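Quick look at start.cif (mmCIF, C-alpha atoms):
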data_input
loop_
_atom_site.label_atom_id
_atom_site.label_comp_id
_atom_site.auth_asym_id
_atom_site.auth_seq_id
_atom_site.Cartn_x
_atom_site.Cartn_y
_atom_site.Cartn_z
CA MET S 1 0.00 0.00 0.00
CA ASP S 2 1.35 3.42 -0.96
CA PHE S 3 0.78 5.45 2.23
CA GLY S 4 2.05 8.62 0.55
CA THR S 5 -0.66 8.42 -2.10
CA LEU S 6 -3.30 7.57 0.53
CA PHE S 7 -2.29 10.53 2.67
CA SER S 8 -2.34 12.83 -0.36
CA GLN S 9 -5.86 11.70 -1.25
CA LEU S 10 -7.09 12.16 2.32
CA PHE S 11 -5.54 15.62 2.53
CA SER S 12 -7.07 16.69 -0.79
CA SER S 13 -10.49 15.48 0.40
CA PHE S 14 -10.45 16.92 3.92
CA TRP S 15 -8.07 19.92 3.75
CA TRP S 16 -10.98 22.19 4.59
CA ALA S 17 -11.31 20.52 8.01
CA ILE S 18 -7.91 21.80 9.17
CA PRO S 19 -8.84 25.52 9.38
CA LEU S 20 -12.15 24.57 10.98
CA PHE S 21 -10.30 22.56 13.64
CA LEU S 22 -7.92 25.47 14.29
CA LEU S 23 -10.82 27.92 14.56
CA ALA S 24 -12.65 25.63 16.99
CA ALA S 25 -9.52 25.40 19.17
CA LEU S 26 -9.14 29.20 19.04
CA PHE S 27 -12.75 29.81 20.06
CA LYS S 28 -12.35 27.53 23.10
CA SER S 29 -9.06 29.06 24.25
CA PRO S 30 -8.93 31.20 27.44
CA TRP S 31 -7.32 33.98 25.41
CA PHE S 32 -10.23 34.20 22.96
CA LYS S 33 -12.79 34.04 25.78
CA GLY S 34 -11.00 36.90 27.51
CA VAL S 35 -10.93 38.98 24.33
CA MET S 36 -14.63 38.37 23.67
CA GLY S 37 -15.55 39.20 27.26
CA GLU S 38 -13.67 42.49 27.11
CA ALA S 39 -15.27 43.29 23.74
CA MET S 40 -18.75 42.79 25.23
CA VAL S 41 -17.93 45.10 28.15
CA ASN S 42 -16.53 47.71 25.74
CA LEU S 43 -19.66 47.55 23.60
CA ALA S 44 -21.99 47.95 26.59
CA ALA S 45 -20.01 50.98 27.80
CA ARG S 46 -20.11 52.64 24.38
CA LEU S 47 -23.85 51.99 23.96
CA TRP S 48 -25.12 52.90 27.43
CA LEU S 49 -22.65 55.38 28.90
CA ASP S 50 -22.50 58.96 27.62
CA LYS S 51 -19.03 59.31 26.12
CA ASN S 52 -18.94 62.99 27.10
CA SER S 53 -19.35 62.05 30.77
CA TYR S 54 -17.70 58.62 30.95
CA HIS S 55 -14.29 58.10 29.37
CA LEU S 56 -13.44 54.45 28.59
CA ILE S 57 -9.79 53.37 28.60
CA LYS S 58 -9.13 49.68 27.90
CA ASN S 59 -6.29 47.21 28.34
CA VAL S 60 -4.05 49.30 30.58
CA THR S 61 -0.73 47.79 31.72
CA ILE S 62 0.97 49.68 34.57
CA PRO S 63 4.51 49.02 35.83
CA THR S 64 4.80 48.06 39.52
CA GLU S 65 7.70 47.42 41.90
CA ASP S 66 7.63 43.68 41.17
CA GLY S 67 6.63 43.73 37.50
CA THR S 68 3.35 44.89 35.96
CA THR S 69 -0.38 44.82 36.58
CA GLN S 70 -2.95 44.76 33.77
CA ILE S 71 -6.39 46.36 34.01
CA ASP S 72 -9.13 45.34 31.59
CA HIS S 73 -11.02 48.65 31.61
CA ILE S 74 -10.85 52.00 33.36
CA ILE S 75 -13.82 54.35 33.17
CA VAL S 76 -13.09 57.93 34.26
CA SER S 77 -15.92 60.28 35.14
CA ARG S 78 -16.81 63.14 37.49
CA PHE S 79 -18.48 60.45 39.64
CA GLY S 80 -15.19 58.64 40.24
CA VAL S 81 -12.75 56.26 38.56
CA PHE S 82 -14.13 52.75 37.92
CA VAL S 83 -11.64 49.88 37.63
CA VAL S 84 -13.36 47.02 35.79
CA GLU S 85 -12.29 43.36 35.85
CA THR S 86 -13.97 41.03 33.29
CA LYS S 87 -14.64 37.31 33.72
CA ASN S 88 -15.98 35.33 30.75
CA MET S 89 -17.31 32.19 32.46
CA LYS S 90 -20.30 29.89 32.30
CA GLY S 91 -22.06 27.71 34.84
CA TRP S 92 -22.89 28.34 38.48
CA ILE S 93 -20.66 30.71 40.42
CA PHE S 94 -20.24 30.31 44.18
CA GLY S 95 -18.27 32.79 46.26
CA GLY S 96 -18.14 35.30 49.06
CA GLU S 97 -16.57 38.72 49.41
CA HIS S 98 -13.84 37.54 51.79
CA GLN S 99 -13.17 34.06 50.40
CA LYS S 100 -9.75 33.55 48.77
CA GLN S 101 -11.18 31.28 46.08
CA TRP S 102 -14.53 31.03 44.34
CA THR S 103 -16.02 27.99 42.61
CA GLN S 104 -17.32 27.51 39.09
CA GLN S 105 -19.61 24.51 38.66
CA ILE S 106 -20.69 23.09 35.29
CA PHE S 107 -22.93 20.08 35.87
CA LYS S 108 -20.84 17.89 38.23
CA SER S 109 -17.51 19.47 37.34
CA LYS S 110 -16.12 22.06 39.79
CA HIS S 111 -13.23 24.47 39.25
CA LYS S 112 -11.62 26.83 41.78
CA PHE S 113 -10.48 30.31 40.74
CA GLN S 114 -9.09 33.36 42.52
CA ASN S 115 -11.61 35.70 44.11
CA PRO S 116 -11.85 38.42 41.42
CA LEU S 117 -12.48 41.06 44.11
CA HIS S 118 -9.04 40.30 45.58
CA GLN S 119 -7.54 40.30 42.09
CA ASN S 120 -9.07 43.67 41.24
CA TYR S 121 -8.09 45.11 44.63
CA LYS S 122 -4.45 45.16 43.53
CA HIS S 123 -5.41 46.82 40.26
CA THR S 124 -7.39 49.49 42.07
CA LYS S 125 -4.72 50.19 44.71
CA THR S 126 -1.96 50.37 42.07
CA LEU S 127 -3.95 52.87 40.01
CA GLU S 128 -4.94 54.80 43.14
CA THR S 129 -1.27 55.23 44.07
CA ALA S 130 -0.24 56.15 40.52
CA LEU S 131 -2.95 58.80 40.26
CA GLY S 132 -2.62 60.10 43.82
CA LEU S 133 -6.38 59.88 44.36
CA ALA S 134 -8.23 59.20 47.61
CA HIS S 135 -9.67 55.69 47.79
CA GLU S 136 -13.18 57.15 48.12
CA LYS S 137 -12.89 58.25 44.49
CA MET S 138 -11.99 54.76 43.22
CA PHE S 139 -14.49 51.96 42.56
CA SER S 140 -13.67 48.28 41.93
CA VAL S 141 -16.15 46.59 39.56
CA VAL S 142 -16.26 42.91 38.54
CA VAL S 143 -18.28 41.87 35.48
CA PHE S 144 -19.17 38.27 34.62
CA VAL S 145 -20.12 37.75 30.98
CA GLY S 146 -21.20 34.51 29.37
CA ASP S 147 -23.83 32.03 30.52
CA SER S 148 -23.10 32.25 34.26
CA THR S 149 -25.40 32.45 37.28
CA PHE S 150 -24.55 33.55 40.81
CA LYS S 151 -25.64 30.92 43.35
CA THR S 152 -24.55 32.94 46.39
CA GLY S 153 -25.16 36.54 47.36
CA MET S 154 -22.68 38.98 45.79
CA PRO S 155 -21.65 42.56 46.63
CA GLU S 156 -23.32 45.20 44.45
CA SER S 157 -20.03 45.80 42.62
CA VAL S 158 -20.02 42.19 41.31
CA THR S 159 -22.43 42.01 38.38
CA CYS S 160 -23.53 39.92 35.42
CA GLY S 161 -23.54 41.33 31.89
CA GLY S 162 -24.80 44.88 31.60
CA GLY S 163 -25.45 45.10 35.34
CA TYR S 164 -22.15 46.90 35.72
CA ILE S 165 -23.61 49.84 33.77
CA ARG S 166 -26.39 50.17 36.36
CA TYR S 167 -23.81 50.04 39.16
CA ILE S 168 -21.72 52.81 37.57
CA LYS S 169 -24.78 54.99 36.95
CA SER S 170 -25.87 54.51 40.57
CA LYS S 171 -22.89 56.65 41.64
CA THR S 172 -24.25 60.18 41.32
CA GLU S 173 -22.12 62.18 43.76
CA ILE S 174 -19.68 64.54 42.05
CA LEU S 175 -16.17 63.53 43.16
CA LEU S 176 -13.93 65.06 40.48
CA SER S 177 -14.00 68.36 38.61
CA GLU S 178 -13.83 68.30 34.82
CA ALA S 179 -10.23 69.51 35.02
CA GLU S 180 -9.39 66.62 37.38
CA VAL S 181 -11.05 64.16 34.99
CA GLN S 182 -8.82 65.36 32.15
CA GLN S 183 -5.78 65.23 34.42
CA VAL S 184 -6.53 61.61 35.36
CA ILE S 185 -6.91 60.65 31.69
CA ALA S 186 -3.57 62.30 30.88
CA GLN S 187 -1.85 60.59 33.84
CA ILE S 188 -3.05 57.17 32.71
CA ALA S 189 -1.88 57.86 29.15
CA ASP S 190 1.56 58.94 30.40
CA GLY S 191 1.98 56.15 32.98
CA ARG S 192 0.76 53.11 31.05
CA LEU S 193 3.00 50.86 28.98
CA LYS S 194 2.46 51.05 25.25
CA PRO S 195 -0.30 48.59 24.25
CA SER S 196 1.31 45.83 22.18
CA LEU S 197 1.68 42.07 21.91
CA LYS S 198 5.10 42.36 23.55
CA THR S 199 3.60 44.14 26.57
CA SER S 200 0.85 41.52 26.89
CA PHE S 201 3.30 38.61 26.57
CA GLU S 202 5.67 40.09 29.17
CA HIS S 203 2.81 40.64 31.61
CA ALA S 204 1.55 37.08 31.06
CA ARG S 205 5.05 35.77 31.77
CA HIS S 206 5.20 37.85 34.97
CA VAL S 207 1.89 36.35 36.14
CA ARG S 208 3.12 32.81 35.38
CA ASP S 209 6.29 33.46 37.40
CA ILE S 210 4.24 34.61 40.40
CA VAL S 211 1.99 31.53 40.25
CA ALA S 212 5.01 29.23 39.92
CA ALA S 213 6.78 30.86 42.90
CA LYS S 214 3.69 30.51 45.11
CA THR S 215 3.25 26.87 44.10
CA GLU S 216 6.89 26.04 44.85
CA GLU S 217 6.72 27.82 48.21
CA LYS S 218 3.69 25.78 49.25
CA THR S 219 5.24 22.47 48.20
CA ALA S 220 8.76 23.16 49.49
CA ALA S 221 7.86 24.18 53.05
CA PRO S 222 6.20 20.94 54.24
CA ALA S 223 8.88 18.76 52.64
CA ALA S 224 11.72 20.56 54.41
CA ALA S 225 10.06 20.77 57.82
CA GLU S 226 11.32 18.63 60.70
CA PRO S 227 9.25 18.45 63.89
CA LEU S 228 10.70 19.59 67.21
CA PRO S 229 10.49 17.29 70.24
CA ALA S 230 7.95 18.41 72.80
CA ALA S 231 10.57 19.41 75.38
CA ALA S 232 13.12 20.85 72.97
CA ASP S 233 15.34 23.82 73.69
CA ALA S 234 14.91 26.87 71.46
CA PRO S 235 16.87 26.77 68.18
CA SER S 236 19.75 29.12 67.49
CA ALA S 237 18.53 32.65 66.72
CA THR S 238 20.74 33.20 63.63
CA LYS S 239 21.88 31.11 60.68
CA SER S 240 23.46 31.78 57.29
CA CYS S 241 22.28 30.20 54.06
CA PRO S 242 24.65 27.38 53.04
CA LYS S 243 23.95 28.12 49.37
CA CYS S 244 24.17 31.92 48.97
CA GLY S 245 25.31 33.17 52.40
CA SER S 246 22.21 35.31 53.04
CA PRO S 247 20.54 35.26 56.47
CA MET S 248 18.05 32.45 57.01
CA VAL S 249 14.75 32.90 58.80
CA LEU S 250 12.65 30.51 60.87
CA ARG S 251 9.48 29.45 59.12
CA THR S 252 6.59 27.24 60.15
CA SER S 253 5.14 24.55 57.94
CA GLN S 254 1.46 25.27 57.24
CA LYS S 255 0.33 22.06 55.52
CA GLY S 256 0.98 18.35 55.39
CA PRO S 257 1.96 15.87 58.08
CA GLU S 258 4.66 18.27 59.40
CA SER S 259 2.19 21.13 59.86
CA GLY S 260 3.21 23.34 62.80
CA SER S 261 6.88 22.32 62.79
CA GLN S 262 9.71 24.78 62.08
CA PHE S 263 12.51 24.87 59.50
CA TRP S 264 15.13 27.33 58.27
CA GLY S 265 14.43 29.01 54.91
CA CYS S 266 16.59 31.45 52.95
CA SER S 267 15.44 35.06 53.36
CA THR S 268 15.86 35.69 49.60
CA PHE S 269 13.20 33.09 48.62
CA PRO S 270 12.16 32.52 45.82
CA LYS S 271 15.54 33.64 44.37
CA CYS S 272 17.23 31.09 46.61
CA ARG S 273 15.20 28.09 47.80
CA ALA S 274 17.70 26.57 50.23
CA VAL S 275 16.22 25.11 53.40
CA ALA S 276 17.71 23.46 56.50
CA ALA S 277 16.39 21.46 59.42
CA VAL S 278 16.20 23.08 62.84
CA LYS S 279 18.93 21.83 65.16
CA LEU S 280 18.41 21.99 68.90
CA LYS S 281 20.95 23.32 71.37
CA GLY S 282 23.34 20.60 72.43
CA GLU S 283 22.99 18.58 69.21
#
What would you get if you wrote out this structure as structure tokens?
Amino acid sequence: MDFGTLFSQLFSSFWWAIPLFLLAALFKSPWFKGVMGEAMVNLAARLWLDKNSYHLIKNVTIPTEDGTTQIDHIIVSRFGVFVVETKNMKGWIFGGEHQKQWTQQIFKSKHKFQNPLHQNYKHTKTLETALGLAHEKMFSVVVFVGDSTFKTGMPESVTCGGGYIRYIKSKTEILLSEAEVQQVIAQIADGRLKPSLKTSFEHARHVRDIVAAKTEEKTAAPAAAEPLPAAADAPSATKSCPKCGSPMVLRTSQKGPESGSQFWGCSTFPKCRAVAAVKLKGE
């Protein structure tokens, strides 16, 4: 059998399926869902908010001390500055204002994700500091788009679909003069990184590095911990890192079978991940 000829015939008959497959994969990707969610929020703002009173700025990346933070949308008005985080999700959404993680449920499948209020808090505080505005003039808004339903009570600033427009319009107290509005718009334009694929890729890499560092910290601590005997003397107060020479600090394991026990960890973590067991006096 000539497999080359067979493959050629199959390709000539079903070549059209390749772009369809690629498009289907693209439509299901988190990146595409994020882009579509932001587009829906943009459209709602342009249709239902007066552009002379509400100034929409999208996809703003701001440099921070440890990298960058990226804000989906900023809406500047005399009624305050609204920092909008978009979530394109489907299914049932469970969560509380102070919970670290929320839950997405689709039939019997459950998925944990970061509390978007906590996520947007950093965005809001970073912008607040950059602009030099009082926190009373800043509003954090979270918008869920897609076929999602809240199954627990949510704060008024967490909305579905166009509900975020109603929340923004509910703020009617004048907080900024027109001159201040224009100043804020100019500050954002001057302080943001230039919108580009390079900026987006570098920010995505920064986020991945943070997630990786947190994961390694959680898994490294329990493994390095060694329990102290009940009647043990206190460990030595100082210790140098055997790997880089930096001071080491006493840490306590938070999870696993060694939870509650102490170990030495390098003070420069995650740059240096050296750990050492605690030695008692007299050992």
- Query: Between S:Pro116, S:Pro63, S:Gly163, S:Gly146, which one has atoms that come closest to Asn88 in chain S, using all atoms listed in the file?
  - Reply: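 Answer, going by the shortest atom-to-atom distance: S:Gly146.
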- Apply the PyMOL selection byres ((chain S and resi 84) around 6) to the displayed file and report the matching residues as a PyMOL selection string. chain S and resi 73+83+85+141-142
- Message: So that I can check the surroundings of Ile71 in chain S, please list as a ChimeraX atom specification every protein, DNA and RNA residue that reaches within 9 Å of it, counting only C-alpha atoms and ignoring chain neighbours fewer than 2 positions away.
- Response: /S:58-62,69,73-74,83-85,120,123-124
- Point out the residue among S:Trp48, S:Lys112, S:Leu131, S:Ala277 with the least atom-to-atom distance to Glu180 in chain S, counting only C-alpha atoms. S:Leu131
- Message: Can you tell me which residues surround range 152-159 of chain S at a distance of at most 8 Å, considering all atoms listed in the file, apart from same-chain residues fewer than 5 positions away, and format the answer as a PyMOL selection string?
- Response: chain S and resi 93-97+140-144+164+167
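Contact shell of Ser148 in chain S at 6 Å (all atoms listed in the file; same-chain neighbours under 5 positions omitted): Lys90, Gly91 and Trp92 of chain S.
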- In Å, with one decimal, what is the gap from CA of Cys241 in chain S to CA of Ala274 in chain S? 7.0 Å
- Query: Could you work out how far CA of Cys244 in chain S lies from CA of Cys266 in chain S, giving the answer in Å with one decimal?
  - Reply: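 CA of Cys244 in chain S lies 8.6 Å from CA of Cys266 in chain S.
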- Task: Would you kindly translate the PyMOL selection byres ((chain S and resi 263) around 6) into the concrete residues it picks from this file, as number ranges by chain?
- Result: S: 225, 250-251, 262, 264, 277-278
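Minimum atom-to-atom distances from S:Ile75, S:Ile174, S:Cys160, S:Ile185 to Glu136 in chain S were compared using all atoms listed in the file, and the lowest value belongs to S:Ile174.
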Write out all heavy atoms for range 117-128 of chain S, as a short mmCIF file (atom, residue, chain, number, x, y, z; two decimals), in the coordinates of the input.
data_model
loop_
_atom_site.label_atom_id
_atom_site.label_comp_id
_atom_site.auth_asym_id
_atom_site.auth_seq_id
_atom_site.Cartn_x
_atom_site.Cartn_y
_atom_site.Cartn_z
N LEU S 117 -12.53 39.83 43.31
CA LEU S 117 -12.48 41.06 44.11
C LEU S 117 -11.07 41.28 44.64
O LEU S 117 -10.57 42.41 44.66
CB LEU S 117 -13.48 40.98 45.26
CG LEU S 117 -14.95 41.12 44.88
CD1 LEU S 117 -15.83 40.79 46.09
CD2 LEU S 117 -15.26 42.53 44.40
N HIS S 118 -10.42 40.19 45.10
CA HIS S 118 -9.04 40.30 45.58
C HIS S 118 -8.11 40.64 44.41
O HIS S 118 -7.19 41.45 44.56
CB HIS S 118 -8.61 38.98 46.21
CG HIS S 118 -9.36 38.66 47.48
ND1 HIS S 118 -9.15 37.51 48.20
CD2 HIS S 118 -10.32 39.35 48.15
CE1 HIS S 118 -9.94 37.49 49.26
NE2 HIS S 118 -10.67 38.60 49.24
N GLN S 119 -8.36 40.03 43.27
CA GLN S 119 -7.54 40.30 42.09
C GLN S 119 -7.65 41.77 41.68
O GLN S 119 -6.64 42.42 41.39
CB GLN S 119 -8.01 39.40 40.94
CG GLN S 119 -7.21 39.55 39.65
CD GLN S 119 -7.74 38.63 38.57
OE1 GLN S 119 -8.72 37.91 38.74
NE2 GLN S 119 -7.10 38.66 37.41
N ASN S 120 -8.86 42.29 41.67
CA ASN S 120 -9.07 43.67 41.24
C ASN S 120 -8.66 44.68 42.31
O ASN S 120 -8.48 45.86 42.02
CB ASN S 120 -10.54 43.89 40.85
CG ASN S 120 -10.70 44.96 39.79
OD1 ASN S 120 -9.85 45.11 38.91
ND2 ASN S 120 -11.77 45.72 39.87
N TYR S 121 -8.53 44.22 43.57
CA TYR S 121 -8.09 45.11 44.63
C TYR S 121 -6.69 45.64 44.33
O TYR S 121 -6.41 46.83 44.49
CB TYR S 121 -8.11 44.38 45.97
CG TYR S 121 -7.57 45.20 47.13
CD1 TYR S 121 -8.36 46.16 47.76
CD2 TYR S 121 -6.26 45.01 47.58
CE1 TYR S 121 -7.86 46.92 48.82
CE2 TYR S 121 -5.75 45.76 48.64
CZ TYR S 121 -6.56 46.71 49.26
OH TYR S 121 -6.06 47.46 50.30
N LYS S 122 -5.80 44.73 43.88
CA LYS S 122 -4.45 45.16 43.53
C LYS S 122 -4.47 46.15 42.38
O LYS S 122 -3.75 47.15 42.39
CB LYS S 122 -3.59 43.94 43.16
CG LYS S 122 -2.17 44.33 42.77
CD LYS S 122 -1.33 43.15 42.37
CE LYS S 122 0.08 43.59 41.97
NZ LYS S 122 0.93 42.45 41.56
N HIS S 123 -5.30 45.89 41.38
CA HIS S 123 -5.41 46.82 40.26
C HIS S 123 -5.82 48.20 40.75
O HIS S 123 -5.23 49.22 40.37
CB HIS S 123 -6.45 46.32 39.25
CG HIS S 123 -6.13 45.00 38.64
ND1 HIS S 123 -7.06 44.23 37.97
CD2 HIS S 123 -4.98 44.29 38.60
CE1 HIS S 123 -6.50 43.13 37.54
NE2 HIS S 123 -5.23 43.12 37.91
N THR S 124 -6.84 48.22 41.59
CA THR S 124 -7.39 49.49 42.07
C THR S 124 -6.37 50.24 42.92
O THR S 124 -6.20 51.46 42.76
CB THR S 124 -8.68 49.23 42.89
OG1 THR S 124 -9.60 48.48 42.08
CG2 THR S 124 -9.34 50.54 43.29
N LYS S 125 -5.69 49.54 43.84
CA LYS S 125 -4.72 50.19 44.71
C LYS S 125 -3.52 50.70 43.91
O LYS S 125 -2.98 51.78 44.19
CB LYS S 125 -4.26 49.23 45.80
CG LYS S 125 -5.36 48.81 46.77
CD LYS S 125 -5.99 50.01 47.48
CE LYS S 125 -5.05 50.69 48.46
NZ LYS S 125 -5.72 51.77 49.22
N THR S 126 -3.08 49.93 42.91
CA THR S 126 -1.96 50.37 42.07
C THR S 126 -2.32 51.64 41.33
O THR S 126 -1.53 52.60 41.28
CB THR S 126 -1.59 49.27 41.06
OG1 THR S 126 -1.20 48.09 41.76
CG2 THR S 126 -0.45 49.72 40.17
N LEU S 127 -3.51 51.68 40.75
CA LEU S 127 -3.95 52.87 40.01
C LEU S 127 -4.17 54.04 40.96
O LEU S 127 -3.82 55.18 40.64
CB LEU S 127 -5.23 52.55 39.25
CG LEU S 127 -5.73 53.64 38.28
CD1 LEU S 127 -4.68 53.92 37.20
CD2 LEU S 127 -7.05 53.23 37.65
N GLU S 128 -4.72 53.76 42.13
CA GLU S 128 -4.94 54.80 43.14
C GLU S 128 -3.63 55.49 43.51
O GLU S 128 -3.55 56.72 43.58
CB GLU S 128 -5.58 54.17 44.38
CG GLU S 128 -5.80 55.11 45.54
CD GLU S 128 -6.31 54.37 46.76
OE1 GLU S 128 -7.23 53.55 46.61
OE2 GLU S 128 -5.78 54.61 47.87
#
